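Asks: Supplied in structure tokens, the structure appears directly below.
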Amino acid sequence: MRVTGLRPALVAIGGLGALLTALAVCLTLTAQHYELRGVNAAITFAVLVGYIGTGLFAWYRRPHNRTGLLMTTVGFTYFLTVLTAFEQDVVFTFGVLFSNVFLVVALHMVLAFPTGRLPTPGLRRLVGATYLFSVVCQLAFLLVTPDWCPTCSTPLPDNVFAVTDSPTASDAILIVASVFATGVLAASATVLLRRWRAATRPARRALGPVLFTGLALIAALTALFAIQAVDSSGTVVDVAAIPAMLAFAALPFAFLAGLLRNRWSRAGAVTELVERLGVERASLTETLAAAMGDPTLQLAYWLPDPGKFVDSTGHAMEVPGDDDPVRAATMVERDGERIGALVHDRSLCEEPELVGTAAAAAALAMANERLEAELRARLEELRESRAKLVETSLAERQRLERDLHDGAQQRLVALSLQVHVARAKITSDPDAAGAILDRARDELNLALEELRELARGIHPAVLTDRGLGAAIAGLASRFPMPVQVLTTPLARLPSAVEAAAYFVVSESLANMAKHAGASHATVRVARQNGVALVEVSDDGCGGASLEAGSGLRGLADRLAGLDGRLEVVSPPGEGTTVRARIPCESS
Amino acid sequence: MLIVDDHPSFRATARMLLELEGYEVVGEAPDGLSAVAEAQRLQPDLVLLDVNLPDIDGFDVASRITTDDGAPAVVLISSREGADFGPLIRRSGAKGFIAKADLSGSAIEELLACG
């Protein structure tokens, strides 16, 4: 990702950095009160070039990651210490006042690595307090210490902030500063070690160099402060400062080494990836996992219809969203079409080129494997819909048996008994026998009507004989509320499609009559582009769903057997539309 | 006699038929639990008991009614055939089974005489 206008701004900052570096080296080499001017100048050069150069490079590569900005800031704040090379008292004193700030910025950078942002409010408070303390403490020290380096062999410029000379207060401030600094460093070390322990393997690869150099710097600084608290003068402090200075100077190079190692390994990995994908039938997942250094990598294949991700075995797969703290997904596209996604450790988001290159290299192989995944997903769906069909058919038969038993069979049993009674009474009480036979005839008519209904429920004869239009018209005319049939296809559809469409209409209308409180319904059946579209709408209370009723669920399963889909749109208070799409290529 | 069946039309027709054949019908019950209660309350000599009831099935009702000495005879009835139920009828404690379509006073007498 590029940020508009960033490049000229970075070039300007780089120019300023180069200018300040040259100035700092000249000042250091010519400062009368500096000892070991050559060594000092070399260190100053290394630190300024290292931090500002590496910082600008990182800033350019990752404009939204603040590590580059922080690293550049370390370089510029280090320049403040070079102000102590000036002979002018005021400039010199300000140089001393701000001489510790660069260390706090460096600590800030290590704690904020790898995003450049401090992740918790606690850390933000800790770093903020350290910035404040580093300046306030130094100011307090300068106020009570006119000669702040009594052991220095060369006379130093005057401390313009000194108001009194109190060695006791001066020592006390040094002890407080050492205790505070030790506390901050211990807390920082704990944070870094915890971060290392919690990091995943790919995250450790990215964290490693900076984290360990940062820990080395913390350890060296802790030793330095401890020694300073015991003996604030002399060569012991100077010697103890060397490892701290080395670790500090090494920090940007550790960052650069990590970055370059990643770039080299990335280039190698991607080259190898492309080669292997070209010649081997190795597992794509394993190859990509090795190239990206993430053994937890998963591939998700995108199926546009029905619009879901599946794994290589065809099972549905959830892809992590932007809010997932551990996993992330990078979309794989080919010619603008989504093929799938690489699901990987979130830490790899810090290396967008690596992930992007791997995704691009894998697109062709994934496009091929997607066909297999799609086939497996279809097989899986078929297996499920076949099992559901068996279940539905069993449930249907049980319902039929129950309806027959509770309905027509009961009426015929009663009829048999009534005939029995009438026969017994026919000579002794012919009137009573006649009345019983009248009831028996009513019972027989009801039984016949129930049998007709049942037969229609199994497969209406009119559907077979006259087609969908006539069957739906009959259904609408028998219905207890007004049903308007808008369109039905003139030509016959395959019989399985006609039956499925008929039951979508009859079940939807039955549901509407039972639950919707509707006053009016419309039915539309049309054949469009090889698909029979069935739509049943009402003006009822809405709130229906596929999950809520077994009737609609059974319909969906029945349609799945024909590769069809059922959709229910039913916002509360706005009526219900049941829509089915049933493929009907052959007629 | 107590008639137990969840279909009111069947209960009414069966009552008419059996009363015509000289039986005294002392009560009716539409489900299993009320059948057990009515059998205890009315102490009938015979319970005509449908197998398919809405709460507990007729076999279970039969075994509850026939546990005590001096319990009424139970005759199971159904619109299905007796063979559909296999050994369940015998195990339930009922005297036997009559298909609803064959129900008559003589069929009951014949069954009780055999039992």
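Letters for chains follow the order of the structure tokens (A, B, ...), residue numbers begin at 1 for each chain, and ligand numbers begin at 1 in the order shown.
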Restrict the distance test to only C-alpha atoms, flag each residue of chain A within 10 Å of chain B, and return the flagged residues as number ranges by chain.
Replies: A: 405-406, 409-422, 424-425, 436, 443
Asks: Excluding Arg478 of chain A and any residue of its chain fewer than 6 positions from it, enumerate the residues within 12 Å of it, using only C-alpha atoms, and give them as a CSV table (one decimal) with N, CA and C atoms, in the first residue's frame.
Replies:
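Contents of out.csv, freshly written:
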chain,number,residue,atom,x,y,z
A,453,GLU,N,-58.6,-36.3,-0.4
A,453,GLU,CA,-57.6,-35.4,0.1
A,453,GLU,C,-56.3,-36.0,0.2
A,471,ALA,N,-53.6,-28.0,-11.8
A,471,ALA,CA,-53.5,-28.5,-10.5
A,471,ALA,C,-53.5,-27.3,-9.5
A,472,ILE,N,-52.7,-26.2,-9.9
A,472,ILE,CA,-52.6,-25.1,-9.0
A,472,ILE,C,-53.9,-24.3,-9.0
A,506,SER,N,-48.7,-25.8,-2.5
A,506,SER,CA,-49.7,-26.3,-1.5
A,506,SER,C,-49.2,-26.2,-0.1
A,509,LEU,N,-49.2,-22.4,0.9
A,509,LEU,CA,-50.5,-21.9,1.1
A,509,LEU,C,-51.0,-22.5,2.5
A,510,ALA,N,-50.8,-23.8,2.7
A,510,ALA,CA,-51.2,-24.4,4.0
A,510,ALA,C,-50.6,-23.7,5.1
Asks: If you run DSSP on the backbone, which residues of segment 273-467 of chain A are strand (DSSP E or B), as a PyMOL selection string?
Replies: chain A and resi 298-303+308-310+316+327-334+337-345
Asks: Write out the residues from the selection above, keeping N, CA and C atoms, as a PDB file, in the first residue's frame.
Replies:
ATOM      1  N   GLN A 298      -4.052 -22.838   6.168  1.00  0.00           N
ATOM      2  CA  GLN A 298      -5.148 -23.635   5.593  1.00  0.00           C
ATOM      3  C   GLN A 298      -5.591 -22.971   4.294  1.00  0.00           C
ATOM      4  N   LEU A 299      -6.082 -23.785   3.375  1.00  0.00           N
ATOM      5  CA  LEU A 299      -6.623 -23.236   2.134  1.00  0.00           C
ATOM      6  C   LEU A 299      -8.139 -23.323   2.171  1.00  0.00           C
ATOM      7  N   ALA A 300      -8.786 -22.231   1.783  1.00  0.00           N
ATOM      8  CA  ALA A 300     -10.250 -22.226   1.688  1.00  0.00           C
ATOM      9  C   ALA A 300     -10.600 -21.956   0.226  1.00  0.00           C
ATOM     10  N   TYR A 301     -11.420 -22.819  -0.348  1.00  0.00           N
ATOM     11  CA  TYR A 301     -11.804 -22.658  -1.756  1.00  0.00           C
ATOM     12  C   TYR A 301     -13.180 -22.004  -1.815  1.00  0.00           C
ATOM     13  N   TRP A 302     -13.293 -21.017  -2.695  1.00  0.00           N
ATOM     14  CA  TRP A 302     -14.553 -20.259  -2.779  1.00  0.00           C
ATOM     15  C   TRP A 302     -15.478 -20.897  -3.811  1.00  0.00           C
ATOM     16  N   LEU A 303     -16.693 -21.227  -3.406  1.00  0.00           N
ATOM     17  CA  LEU A 303     -17.701 -21.728  -4.348  1.00  0.00           C
ATOM     18  C   LEU A 303     -18.725 -20.613  -4.550  1.00  0.00           C
ATOM     19  N   LYS A 308     -19.999 -19.908  -0.630  1.00  0.00           N
ATOM     20  CA  LYS A 308     -19.396 -20.273   0.658  1.00  0.00           C
ATOM     21  C   LYS A 308     -17.984 -20.807   0.433  1.00  0.00           C
ATOM     22  N   PHE A 309     -17.201 -20.836   1.517  1.00  0.00           N
ATOM     23  CA  PHE A 309     -15.861 -21.412   1.451  1.00  0.00           C
ATOM     24  C   PHE A 309     -15.937 -22.877   1.877  1.00  0.00           C
ATOM     25  N   VAL A 310     -15.141 -23.705   1.190  1.00  0.00           N
ATOM     26  CA  VAL A 310     -15.040 -25.108   1.620  1.00  0.00           C
ATOM     27  C   VAL A 310     -13.565 -25.479   1.704  1.00  0.00           C
ATOM     28  N   ALA A 316     -17.874 -27.349   4.431  1.00  0.00           N
ATOM     29  CA  ALA A 316     -17.984 -25.894   4.614  1.00  0.00           C
ATOM     30  C   ALA A 316     -16.932 -25.423   5.619  1.00  0.00           C
ATOM     31  N   ARG A 327      -6.112 -15.410  13.750  1.00  0.00           N
ATOM     32  CA  ARG A 327      -6.034 -15.866  12.372  1.00  0.00           C
ATOM     33  C   ARG A 327      -6.440 -14.751  11.411  1.00  0.00           C
ATOM     34  N   ALA A 328      -5.956 -14.834  10.186  1.00  0.00           N
ATOM     35  CA  ALA A 328      -6.343 -13.851   9.174  1.00  0.00           C
ATOM     36  C   ALA A 328      -6.509 -14.571   7.842  1.00  0.00           C
ATOM     37  N   ALA A 329      -7.263 -13.967   6.941  1.00  0.00           N
ATOM     38  CA  ALA A 329      -7.477 -14.566   5.624  1.00  0.00           C
ATOM     39  C   ALA A 329      -6.998 -13.605   4.549  1.00  0.00           C
ATOM     40  N   THR A 330      -6.250 -14.137   3.566  1.00  0.00           N
ATOM     41  CA  THR A 330      -5.850 -13.338   2.395  1.00  0.00           C
ATOM     42  C   THR A 330      -6.547 -13.933   1.174  1.00  0.00           C
ATOM     43  N   MET A 331      -7.341 -13.100   0.483  1.00  0.00           N
ATOM     44  CA  MET A 331      -8.112 -13.603  -0.645  1.00  0.00           C
ATOM     45  C   MET A 331      -7.188 -13.934  -1.819  1.00  0.00           C
ATOM     46  N   VAL A 332      -7.488 -15.030  -2.501  1.00  0.00           N
ATOM     47  CA  VAL A 332      -6.739 -15.418  -3.693  1.00  0.00           C
ATOM     48  C   VAL A 332      -7.657 -15.178  -4.893  1.00  0.00           C
ATOM     49  N   GLU A 333      -7.166 -14.363  -5.838  1.00  0.00           N
ATOM     50  CA  GLU A 333      -7.999 -14.035  -6.997  1.00  0.00           C
ATOM     51  C   GLU A 333      -7.248 -14.349  -8.280  1.00  0.00           C
ATOM     52  N   ARG A 334      -8.000 -14.612  -9.335  1.00  0.00           N
ATOM     53  CA  ARG A 334      -7.384 -14.869 -10.644  1.00  0.00           C
ATOM     54  C   ARG A 334      -8.268 -14.202 -11.687  1.00  0.00           C
ATOM     55  N   GLU A 337     -11.409 -12.816 -10.467  1.00  0.00           N
ATOM     56  CA  GLU A 337     -12.414 -13.712  -9.883  1.00  0.00           C
ATOM     57  C   GLU A 337     -11.860 -14.316  -8.603  1.00  0.00           C
ATOM     58  N   ARG A 338     -12.688 -14.352  -7.563  1.00  0.00           N
ATOM     59  CA  ARG A 338     -12.214 -14.913  -6.304  1.00  0.00           C
ATOM     60  C   ARG A 338     -12.119 -16.438  -6.430  1.00  0.00           C
ATOM     61  N   ILE A 339     -10.929 -16.962  -6.090  1.00  0.00           N
ATOM     62  CA  ILE A 339     -10.709 -18.410  -6.175  1.00  0.00           C
ATOM     63  C   ILE A 339     -10.836 -19.026  -4.791  1.00  0.00           C
ATOM     64  N   GLY A 340     -10.334 -18.314  -3.803  1.00  0.00           N
ATOM     65  CA  GLY A 340     -10.346 -18.864  -2.451  1.00  0.00           C
ATOM     66  C   GLY A 340      -9.631 -17.924  -1.505  1.00  0.00           C
ATOM     67  N   ALA A 341      -9.104 -18.494  -0.426  1.00  0.00           N
ATOM     68  CA  ALA A 341      -8.408 -17.666   0.552  1.00  0.00           C
ATOM     69  C   ALA A 341      -7.315 -18.479   1.222  1.00  0.00           C
ATOM     70  N   LEU A 342      -6.213 -17.796   1.584  1.00  0.00           N
ATOM     71  CA  LEU A 342      -5.204 -18.409   2.433  1.00  0.00           C
ATOM     72  C   LEU A 342      -5.550 -18.012   3.857  1.00  0.00           C
ATOM     73  N   VAL A 343      -5.762 -18.989   4.720  1.00  0.00           N
ATOM     74  CA  VAL A 343      -6.069 -18.688   6.120  1.00  0.00           C
ATOM     75  C   VAL A 343      -4.790 -18.935   6.913  1.00  0.00           C
ATOM     76  N   HIS A 344      -4.242 -17.892   7.509  1.00  0.00           N
ATOM     77  CA  HIS A 344      -2.914 -17.995   8.116  1.00  0.00           C
ATOM     78  C   HIS A 344      -2.858 -17.256   9.447  1.00  0.00           C
ATOM     79  N   ASP A 345      -1.692 -17.359  10.089  1.00  0.00           N
ATOM     80  CA  ASP A 345      -1.452 -16.665  11.349  1.00  0.00           C
ATOM     81  C   ASP A 345      -1.507 -15.153  11.095  1.00  0.00           C
TER      82      ASP A 345
END
Asks: Can you tell me how far atom CA of Asp557 of chain A sits from atom CA of Ala408 of chain A, in Å to one decimal?
Replies: 29.0 Å
Asks: Looking at B:Leu49, B:Val25, B:Ile89, B:Ala62, which one is nearest to Ile77 of chain B, with distances taken over only C-alpha atoms?
Replies: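 Of B:Leu49, B:Val25, B:Ile89, B:Ala62, the one nearest Ile77 of chain B, counting only C-alpha atoms, is B:Leu49.
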